[in-house]
Each structure stands twice: as C-alpha cells, then as structure tokens.
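Participant: Pasting a structure below so you can have a look.
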2 protein chains.
Amino acid sequence: MARTLKVAAAQLGPIHLADSRRRVVARLIDLMHEAASAGCRLVVYPELALTTFFPRYWYDDLVETDRFFEREMPGQETRSLFEEAKRLGVGFHLGYAELVRESGRTHRFNSAILVGADGVVIGKYRKIHLPGHAEHRPNIPFQHLEKRYFEVGDFGFPVWRAFGGILGMAICNDRRWPETYRVLGLQGVEMVLIGYNTPTRNIYYPEPPHLCALHNDLALQSGAYQNGTWVVGVAKAGAEDGQELMAGSCIVAPTGEIVARALTQEDEVIAHECDLDLGAYIKNSVFNFAKHRRPEHYRRIAEQVGARVEV
Amino acid sequence: MARTLKVAAAQLGPIHLADSRRRVVARLIDLMHEAASAGCRLVVYPELALTTFFPRYWYDDLVETDRFFEREMPGQETRSLFEEAKRLGVGFHLGYAELVRESGRTHRFNSAILVGADGVVIGKYRKIHLPGHAEHRPNIPFQHLEKRYFEVGDFGFPVWRAFGGILGMAICNDRRWPETYRVLGLQGVEMVLIGYNTPTRNIYYPEPPHLCALHNDLALQSGAYQNGTWVVGVAKAGAEDGQELMAGSCIVAPTGEIVARALTQEDEVIAHECDLDLGAYIKNSVFNFAKHRRPEHYRRIAEQVGARVEV
C-alpha cells in the first residue's frame, strides 16, 4: 500500500509590528481549516510565524525583544491553534521565537516544533545556521540581527518517525547549506519541513533581485534530489511594515521537481499528496550513500570551519 | 584590475569503439583552435575524452580494457595535443583512463589533468565517486562498470593556483555530490572543471528522461552558488555506437546562473569570459563559511558512510 502524506504549505502574508498574536493565530487557524478541507494531514507554517521578522530592527536591550518570544508552547495565545489541530485531526509545523530558562540562564532560539494530529508536540528544532550580523549597522536599509537575538541551536538535525514517514526540520538559512540536508539524509529523512523569512533585497551587495528566488529554488531542489527527500519550503511573504519578504513557497519532490508553488505574497495554502516511497529509488541508486560516499575525502567538511587558501 | 579567465567548454560528440585515438585527438585539436581563436586561455574537455565510454561494456578480463587506458601523458598519440596547446598558448583540462604501475601493482583510475599554456601538466585528479556497479548485469540495456574498471581516486579534491585563479577538478558523478564542491570550497576554489559521460537512460529505474538534464543542472548550479565558484560542466554527448549520452554542457557563474550552454550533441565549443572575483561577495556574505558554518553539527557527514535509520 502506498505510504502517502498530503501536506499543506501554509504561506503567510506580512505580519506587521502592530498585529496582535491573537490576530495572527486566527489567520493560522483559517489556513488550517483550508488545508484540512483539502484533506491535508500536516500543515507547515513559516519561520517566526507568530510575529513580524523582528531581527530587522535594532533594540538596545535584548529584553525589549521579549514580546516577540514564546515562553511556553502552547501558551495562552497559541492554545487555540493546538486545540483546533486536535479537533480537525491534523498535525502542524510552526516556527517561533523561543525564550527558555535553562541551567539558570535565559536562552533565546529561533525554533520550530512538529505537532501531532492529537495536538501534542512530537519534536522541536532550533535553528543552527543563523544568518546576518550581531552588531548595529545604521548604514544599511534594515538590520538582520539573528546573530544578536538568537543562540545557535543545540539539538543538531534530528529526525522523527511521524505521519507515516521520517521527518526532519530546518529553518530559513539552514536550507541554503547542503550540510543540513545531508545530515538529515544520512538519517533516512523522507520529508524536510522548512519555514523562512527572506528579505528580497540583499543588504550586503547590489545583487539583481531575481537571484533571490533562484537561490531559494536551487537550495530546496538540490537538497531534495541529493537526498531523495520531499522538501516543503514555506515563506512569510510580502511587505512587513514596508520591508519586503520573498514569497514562492513550494513543495519539492525527491526528484528535485517543484510540484506545487504559491502564487501570491499573501496567506495562501498549497498542497500535495506526497508519495513517501518516491525517494527510495534515488536512495537506492545514484544516492545510495553506502555504495558511493567516500567520507575519508570529506574530512574538511567536519574539521574545518572557514575557507583556507593553502595554495 | 579585473581578474578574468576566458574559458571554453569543448563538448565532444560521440566516440565510437572503432574510432582511433588519432582521429579523436584531431577533433580535440580542432576544438582547441576554435577556442583559441575566440580568445580562450583554457579549454575544458570531457571525462574519458580519448575513447568511447567503455564502462558500458562487459569484458571478462580487465586486460581486455587496456586499450582504453593511457600509460603516459602525454603519450605517443596525445603528444600533438600538448604541442598544439603550447604553440597556441592555451591550457587545457583532459579526462582519460589512467593505467599506472605503483608499488608493484597495476592501478586503473578515471583521471583528469590540468595542463598549463606551456604544455606542462599542472595537476592531476582521480575520480572519487565511481558510479554504477562491479558485477555483470546481463538483464539491463547496457552496463555501467566504473566500479569494476577503476579504483577510487587517492588524491582527495586538491586545488591549484593556475590561470590567475584557484582551480579544482571533479569528474562526472562527483558533480552530483555536494561534498565535492564543499571540500573544494573550503579551499577557496574559484572555478571547478568537470567533464562527464552521462547516459540519458536510467538503467536502474524507469525515470522520465527529462530528469537527466534537470539533475545535471541542479547539481552544477547549486554547487556553484553554495561555494561562490564558477563551474564548467562538459559533456561527451550523443549516441556512441547507439547508446545515448546527455549533452547540455554549460558554464555556471558563482551566482548559480547558467551563462553559456551547448545546443548540439556534437563537437561544440562554448565560451565565457569569467570574472574570477564575482564569487567573492557570496563567499563574504551568505556563504561566509567562517561566520556561518557549524561543523560540530556536521559530524555524520565525515563519520558515517551509508544512511542509518535510528528512529
């Protein structure tokens, strides 16, 4: 019998600074209803799906960012999402800013959770590849302060057996790194869930804007193909208080083909019935890791951080 | 002053079993003339550019394949190519089957050399990711016996300072593996030269034929973008004694964009004046490895060969 999972990518339009958590959760629930009506069993929301992409703003004191963070999940304002998921019998993936007290210290992570159709959290991922910078740069059009507001994730890249398959998570900039997919691929991943908030404008270099979408697609499609896995990429899109984020949410097959694509920069559901066995022929032939990989020649990847020109 | 390198991808049409080495070298020289006339300083030929793609044939005794291998480079039949390169003042990259006596034993590799504009060999690479199988499979339309006819390369993925930049090499199936580009990228590579012989038909799975080209492009483009490097992909193309090889040779910019593409399945030169500094903005921002990579979470890549499902 075919192992299939109908998944929804629930793209979000902009969330402005003034938008309340309550209003955002109502939008998430609307999207969940639409996905459930279409027969989806899993709804994938973007990175930082409860707030605006606040790393674009400088705050002198980290405490000023506390209002963007969740202290518990579910919390008072998100509980209705979990309850609705349980009522509808659908699971979901949600990105959010996580504030936690651990070992007597406050930690802030850019996190995502996978929640089962019973409304119970199955697993959590904390973003590893934090992009941007930590210092204030007043001379660029907006900030990208993830290195200031978040710590590097400390869970690695785990996978979970859920929804009939082997699922993994990654967040935004993680998706550009082939290491992300490969570490998941080495654990047999069959579907990778990835939310993102990606400014359409490159603040470091006058790059032609069309490259933003090309790079997103290349990363998701190659990651899918090179590991024989489904990839669900979900954007927060459109202009948040005037600052534009890239749309183009998509579902990518293990063949590297984009099988569903969002067309708007607004709240939008796209869905696909994914055959979780489709990647098997790739994992068993061209990307049969056991037969073809040569880790003795990959040592630099795990032993070296930056590039080193030695010639 | 701009650091530029005008490079030619010299695609080859089919080489049949009956074609003499002399005839093939004459074709290589014709392509070199065309590239030199266009102002190119480096000509990139495909994998196994002197013979047919013989791993499609089963030979009971390895010695029967000796006629496909070179014992010295240059040898009697290839010397004219080196002499012509020197006369024209162009360098070249050439893939060939290498037979060598080392430590009292005969070794066979799928190799490539980089030759300077003075006709002297700068460096050699031996293919690491050997695809296919080692045993005879009489029930498939053709064989893919690289695992029988070649040993795994023993040089790793070196880079060389040459032609004004930092150059690396890979061969055919190497290009599908993000590890290849990353090991080169960690050494600051600015241009990767890759020849290939890729059957258009998947012998393991009834895969739609259009995927062959998609997968080639995805691998080359993502490898270029994710390491901020030029990639020159060069095919041996067309039907060799009736067995079709994929064409589509291309030159890929560090932005991941294809800037030149072969249009035929025959001998064809495409060229591009490559700005070797173009990748610097990528290496300094989104793929600034020193700032963003997290090798502590990549250990599986270098410590584990095959996929392991542990959940």
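Each chain in the structure tokens gets a letter, A, B, ..., in the order shown, and its residues are numbered from 1; ligands are numbered from 1 in order too.
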Dump as a Markdown table the rows for residues of chain B within 6 Å of chain A: closest atom pair and distance in Å with one decimal, only C-alpha atoms counted, ordered by chain and rising residue number.
Facilitator:
| residue | atom | partner | partner_atom | distance |
| --- | --- | --- | --- | --- |
| B:His129 | CA | A:His292 | CA | 6.0 |
| B:Gly156 | CA | A:His297 | CA | 5.4 |
| B:Leu186 | CA | A:Ala307 | CA | 4.1 |
| B:Gln187 | CA | A:Arg308 | CA | 5.0 |
| B:Gly188 | CA | A:Val309 | CA | 5.5 |
| B:Leu218 | CA | A:Ser222 | CA | 5.6 |
| B:Ser222 | CA | A:Leu218 | CA | 5.6 |
| B:Phe289 | CA | A:Gly306 | CA | 4.5 |
| B:Ala290 | CA | A:Gly306 | CA | 3.6 |
| B:His292 | CA | A:His129 | CA | 6.0 |
| B:Arg293 | CA | A:Val305 | CA | 5.9 |
| B:Pro295 | CA | A:Ala302 | CA | 4.8 |
| B:His297 | CA | A:Gly156 | CA | 5.4 |
| B:Tyr298 | CA | A:Ala302 | CA | 5.5 |
| B:Arg299 | CA | A:Ala302 | CA | 5.5 |
| B:Ala302 | CA | A:Pro295 | CA | 4.8 |
| B:Val305 | CA | A:Ala290 | CA | 5.4 |
| B:Gly306 | CA | A:Ala290 | CA | 3.7 |
| B:Ala307 | CA | A:Leu186 | CA | 4.1 |
| B:Arg308 | CA | A:Gln187 | CA | 5.0 |
| B:Val309 | CA | A:Gln187 | CA | 5.0 |
Participant: Taking 6 positions as the minimum chain separation for residues in the same chain, which residues sit within 12 Å of Arg22 (chain B) when counting only C-alpha atoms? Answer as an NGL selection string.
Facilitator: :B and (15 or 28-29 or 50-51 or 75-81)
Participant: If we count only C-alpha atoms, what is near Gly242 (chain A) at a cut-off of 12 Å, once residues fewer than 4 positions away on the same chain are taken out, given as a PDB file with N, CA, C and O atoms, in the first residue's frame?
Facilitator:
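Output contents, as saved in result-v7.pdb:
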ATOM      1  N   PRO A  14       2.334  39.275   5.146  1.00  0.00           N
ATOM      2  CA  PRO A  14       3.066  40.030   6.165  1.00  0.00           C
ATOM      3  C   PRO A  14       2.401  40.038   7.531  1.00  0.00           C
ATOM      4  O   PRO A  14       1.172  39.964   7.644  1.00  0.00           O
ATOM      5  N   ILE A  15       3.221  40.098   8.573  1.00  0.00           N
ATOM      6  CA  ILE A  15       2.756  40.359   9.938  1.00  0.00           C
ATOM      7  C   ILE A  15       3.434  41.658  10.366  1.00  0.00           C
ATOM      8  O   ILE A  15       4.678  41.726  10.404  1.00  0.00           O
ATOM      9  N   HIS A  16       2.644  42.659  10.650  1.00  0.00           N
ATOM     10  CA  HIS A  16       3.221  43.959  10.996  1.00  0.00           C
ATOM     11  C   HIS A  16       3.458  44.044  12.497  1.00  0.00           C
ATOM     12  O   HIS A  16       2.913  43.269  13.286  1.00  0.00           O
ATOM     13  N   LEU A  17       4.288  44.998  12.869  1.00  0.00           N
ATOM     14  CA  LEU A  17       4.602  45.192  14.290  1.00  0.00           C
ATOM     15  C   LEU A  17       3.327  45.348  15.115  1.00  0.00           C
ATOM     16  O   LEU A  17       3.241  44.855  16.250  1.00  0.00           O
ATOM     17  N   THR A  52       6.156  39.610  13.453  1.00  0.00           N
ATOM     18  CA  THR A  52       6.913  40.161  12.338  1.00  0.00           C
ATOM     19  C   THR A  52       8.346  39.632  12.406  1.00  0.00           C
ATOM     20  O   THR A  52       8.774  39.086  13.441  1.00  0.00           O
ATOM     21  N   PHE A  53       9.101  39.788  11.309  1.00  0.00           N
ATOM     22  CA  PHE A  53      10.503  39.356  11.314  1.00  0.00           C
ATOM     23  C   PHE A  53      11.322  40.414  12.060  1.00  0.00           C
ATOM     24  O   PHE A  53      11.987  41.255  11.458  1.00  0.00           O
ATOM     25  N   ARG A  56      14.942  42.481  11.883  1.00  0.00           N
ATOM     26  CA  ARG A  56      15.256  43.625  11.031  1.00  0.00           C
ATOM     27  C   ARG A  56      15.369  44.923  11.832  1.00  0.00           C
ATOM     28  O   ARG A  56      15.763  45.946  11.295  1.00  0.00           O
ATOM     29  N   PRO A 141      19.812  49.444   4.808  1.00  0.00           N
ATOM     30  CA  PRO A 141      18.380  49.810   4.828  1.00  0.00           C
ATOM     31  C   PRO A 141      17.584  49.133   5.952  1.00  0.00           C
ATOM     32  O   PRO A 141      16.578  49.667   6.397  1.00  0.00           O
ATOM     33  N   PHE A 142      17.999  47.944   6.358  1.00  0.00           N
ATOM     34  CA  PHE A 142      17.383  47.299   7.520  1.00  0.00           C
ATOM     35  C   PHE A 142      18.416  46.348   8.112  1.00  0.00           C
ATOM     36  O   PHE A 142      19.409  46.016   7.458  1.00  0.00           O
ATOM     37  N   PRO A 199      14.375  38.385   3.212  1.00  0.00           N
ATOM     38  CA  PRO A 199      14.282  39.692   2.567  1.00  0.00           C
ATOM     39  C   PRO A 199      14.606  39.574   1.080  1.00  0.00           C
ATOM     40  O   PRO A 199      15.556  38.872   0.710  1.00  0.00           O
ATOM     41  N   THR A 200      13.821  40.218   0.232  1.00  0.00           N
ATOM     42  CA  THR A 200      14.079  40.127  -1.210  1.00  0.00           C
ATOM     43  C   THR A 200      15.316  40.937  -1.592  1.00  0.00           C
ATOM     44  O   THR A 200      15.902  40.706  -2.639  1.00  0.00           O
ATOM     45  N   ALA A 237       5.734  36.143   3.611  1.00  0.00           N
ATOM     46  CA  ALA A 237       5.931  36.882   2.368  1.00  0.00           C
ATOM     47  C   ALA A 237       5.302  38.267   2.425  1.00  0.00           C
ATOM     48  O   ALA A 237       4.490  38.563   3.299  1.00  0.00           O
ATOM     49  N   GLY A 238       5.708  39.078   1.465  1.00  0.00           N
ATOM     50  CA  GLY A 238       5.110  40.403   1.331  1.00  0.00           C
ATOM     51  C   GLY A 238       5.803  41.428   2.218  1.00  0.00           C
ATOM     52  O   GLY A 238       6.766  41.130   2.909  1.00  0.00           O
TER      53      GLY A 238
END
Participant: In Å to one decimal, how far is CA of Ser249 (chain B) from CA of Glu83 (chain B)?
Facilitator: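 These two atoms are separated by 25.9 Å.
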Participant: Mind the document's chain letters and residue numbers, and return as an MDAnalysis selection string the residues of region 110-244 of chain B that DSSP labels strand (DSSP E or B).
Facilitator: chainID B and resid 110:115 121:126 159:162 165:171 191:196 199 230:236 238:240 243:244
Participant: Quote the spacing between CA of Ala112 (chain A) and CA of Ala262 (chain A) in Å to one decimal place.
Facilitator: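 Between these atoms lies a distance of 21.3 Å.
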Participant: Would you please work out which residue, of A:His272, A:Arg87, A:His107, A:His93, is nearest to Val44 (chain A) when using only C-alpha atoms?
Facilitator: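 Of A:His272, A:Arg87, A:His107, A:His93, the one nearest Val44 (chain A) is A:His93, counting only C-alpha atoms.
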Participant: List the neighbours of Glu190 (chain A) out to 6 Å using only C-alpha atoms; skip same-chain residues closer than 4 positions along the sequence, and give me the result as a list in words.
Facilitator: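 Surrounding residues, per the criterion: Ile166, Leu167, Thr229 and Trp230 of chain A.
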Participant: Export, as a PDB file, in the first residue's frame, the selected residues with N, CA and C atoms.
Facilitator:
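That gives us selection37.pdb:
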ATOM      1  N   ILE A 166       9.571   9.529   7.833  1.00  0.00           N
ATOM      2  CA  ILE A 166      10.688  10.040   8.630  1.00  0.00           C
ATOM      3  C   ILE A 166      10.841  11.515   8.281  1.00  0.00           C
ATOM      4  N   LEU A 167      10.563  12.360   9.275  1.00  0.00           N
ATOM      5  CA  LEU A 167      10.511  13.796   9.020  1.00  0.00           C
ATOM      6  C   LEU A 167      11.642  14.533   9.734  1.00  0.00           C
ATOM      7  N   THR A 229      14.549  13.161  -0.930  1.00  0.00           N
ATOM      8  CA  THR A 229      13.544  13.509   0.080  1.00  0.00           C
ATOM      9  C   THR A 229      12.590  14.599  -0.420  1.00  0.00           C
ATOM     10  N   TRP A 230      11.375  14.565   0.092  1.00  0.00           N
ATOM     11  CA  TRP A 230      10.475  15.699  -0.105  1.00  0.00           C
ATOM     12  C   TRP A 230      10.986  16.879   0.699  1.00  0.00           C
TER      13      TRP A 230
END
Participant: Could you tell me how far CA of Glu273 (chain A) lies from CA of Ala253 (chain A), in Å and to one decimal?
Facilitator: 10.5 Å
Participant: I'd like the neighbourhood of region 99-104 of chain B as a PyMOL selection string, where a residue qualifies if any of its atoms comes within 10 Å (using only C-alpha atoms), though same-chain residues fewer than 3 positions away should be ignored.
Facilitator: chain B and resi 66+68-72+96+107-111+150
Participant: Kindly export the residues of the current selection with all heavy atoms, as a short mmCIF file (atom, residue, chain, number, x, y, z; two decimals), in the first residue's frame.
Facilitator:
data_model
loop_
_atom_site.label_atom_id
_atom_site.label_comp_id
_atom_site.auth_asym_id
_atom_site.auth_seq_id
_atom_site.Cartn_x
_atom_site.Cartn_y
_atom_site.Cartn_z
N ASP B 66 42.62 -2.69 -21.56
CA ASP B 66 43.86 -1.91 -21.54
C ASP B 66 43.96 -0.91 -22.69
O ASP B 66 44.52 0.17 -22.54
CB ASP B 66 45.09 -2.85 -21.57
CG ASP B 66 45.40 -3.42 -20.18
OD1 ASP B 66 44.68 -3.05 -19.23
OD2 ASP B 66 46.34 -4.21 -20.08
N PHE B 68 41.91 1.02 -23.74
CA PHE B 68 41.21 2.28 -23.47
C PHE B 68 42.02 3.19 -22.53
O PHE B 68 41.64 4.33 -22.28
CB PHE B 68 39.84 2.01 -22.82
CG PHE B 68 38.92 1.20 -23.68
CD1 PHE B 68 38.53 -0.08 -23.30
CD2 PHE B 68 38.44 1.71 -24.88
CE1 PHE B 68 37.67 -0.84 -24.08
CE2 PHE B 68 37.58 0.95 -25.68
CZ PHE B 68 37.20 -0.33 -25.28
N PHE B 69 43.09 2.65 -21.98
CA PHE B 69 43.86 3.37 -20.95
C PHE B 69 45.13 4.01 -21.51
O PHE B 69 45.71 3.49 -22.47
CB PHE B 69 44.24 2.41 -19.81
CG PHE B 69 43.09 2.07 -18.90
CD1 PHE B 69 42.12 1.14 -19.27
CD2 PHE B 69 42.97 2.70 -17.67
CE1 PHE B 69 41.05 0.85 -18.43
CE2 PHE B 69 41.91 2.40 -16.82
CZ PHE B 69 40.94 1.46 -17.20
N GLU B 70 45.56 5.11 -20.86
CA GLU B 70 46.83 5.76 -21.18
C GLU B 70 47.86 5.33 -20.15
O GLU B 70 47.58 5.35 -18.95
CB GLU B 70 46.69 7.30 -21.13
CG GLU B 70 45.49 7.86 -21.88
CD GLU B 70 45.51 7.48 -23.35
OE1 GLU B 70 46.55 7.69 -24.00
OE2 GLU B 70 44.47 6.97 -23.84
N ARG B 71 49.05 4.99 -20.63
CA ARG B 71 50.15 4.61 -19.74
C ARG B 71 51.06 5.78 -19.42
O ARG B 71 51.79 5.77 -18.46
CB ARG B 71 50.96 3.48 -20.36
CG ARG B 71 50.33 2.12 -20.13
CD ARG B 71 51.00 1.05 -20.93
NE ARG B 71 50.30 -0.21 -20.70
CZ ARG B 71 49.09 -0.51 -21.18
NH1 ARG B 71 48.45 0.39 -21.91
NH2 ARG B 71 48.52 -1.66 -20.91
N GLU B 72 51.03 6.78 -20.30
CA GLU B 72 51.80 8.00 -20.04
C GLU B 72 51.04 9.18 -20.63
O GLU B 72 50.22 9.00 -21.52
CB GLU B 72 53.21 7.90 -20.64
CG GLU B 72 53.20 7.40 -22.06
CD GLU B 72 54.59 7.35 -22.69
OE1 GLU B 72 55.56 7.71 -22.03
OE2 GLU B 72 54.66 6.97 -23.87
N TYR B 96 40.71 11.19 -18.94
CA TYR B 96 41.17 9.98 -19.63
C TYR B 96 41.28 8.84 -18.64
O TYR B 96 41.33 9.05 -17.42
CB TYR B 96 42.52 10.22 -20.33
CG TYR B 96 43.64 10.52 -19.38
CD1 TYR B 96 44.55 9.51 -18.99
CD2 TYR B 96 43.81 11.79 -18.83
CE1 TYR B 96 45.58 9.78 -18.09
CE2 TYR B 96 44.83 12.06 -17.92
CZ TYR B 96 45.71 11.05 -17.56
OH TYR B 96 46.71 11.32 -16.67
N HIS B 107 47.40 -0.14 -11.38
CA HIS B 107 46.21 0.59 -10.92
C HIS B 107 45.53 1.23 -12.12
O HIS B 107 46.20 1.68 -13.05
CB HIS B 107 46.59 1.69 -9.93
CG HIS B 107 47.31 1.18 -8.73
ND1 HIS B 107 46.66 0.84 -7.56
CD2 HIS B 107 48.63 0.95 -8.50
CE1 HIS B 107 47.55 0.42 -6.68
NE2 HIS B 107 48.75 0.48 -7.22
N ARG B 108 44.21 1.26 -12.06
CA ARG B 108 43.44 1.92 -13.12
C ARG B 108 42.56 2.98 -12.48
O ARG B 108 41.80 2.69 -11.55
CB ARG B 108 42.57 0.90 -13.86
CG ARG B 108 43.36 -0.11 -14.68
CD ARG B 108 42.43 -1.16 -15.28
NE ARG B 108 43.16 -2.06 -16.17
CZ ARG B 108 43.88 -3.10 -15.77
NH1 ARG B 108 43.98 -3.40 -14.48
NH2 ARG B 108 44.50 -3.86 -16.67
N PHE B 109 42.67 4.20 -12.97
CA PHE B 109 41.87 5.31 -12.46
C PHE B 109 41.14 6.01 -13.59
O PHE B 109 41.57 5.99 -14.74
CB PHE B 109 42.77 6.34 -11.74
CG PHE B 109 43.46 5.81 -10.51
CD1 PHE B 109 44.82 5.49 -10.56
CD2 PHE B 109 42.78 5.66 -9.32
CE1 PHE B 109 45.48 5.01 -9.42
CE2 PHE B 109 43.42 5.18 -8.18
CZ PHE B 109 44.78 4.85 -8.23
N ASN B 110 40.03 6.67 -13.21
CA ASN B 110 39.33 7.58 -14.12
C ASN B 110 39.86 8.97 -13.76
O ASN B 110 39.49 9.53 -12.73
CB ASN B 110 37.82 7.44 -13.88
CG ASN B 110 37.01 8.22 -14.89
OD1 ASN B 110 37.51 9.14 -15.52
ND2 ASN B 110 35.74 7.86 -15.03
N SER B 111 40.74 9.50 -14.58
CA SER B 111 41.54 10.67 -14.19
C SER B 111 41.30 11.88 -15.07
O SER B 111 40.67 11.80 -16.13
CB SER B 111 43.03 10.30 -14.23
OG SER B 111 43.30 9.25 -13.33
N PHE B 150 37.71 0.79 -12.50
CA PHE B 150 38.53 1.84 -11.87
C PHE B 150 38.63 1.63 -10.37
O PHE B 150 37.71 1.10 -9.74
CB PHE B 150 37.93 3.23 -12.12
CG PHE B 150 37.74 3.57 -13.57
CD1 PHE B 150 36.47 3.78 -14.09
CD2 PHE B 150 38.84 3.70 -14.41
CE1 PHE B 150 36.29 4.11 -15.43
CE2 PHE B 150 38.67 4.03 -15.75
CZ PHE B 150 37.39 4.24 -16.27
#
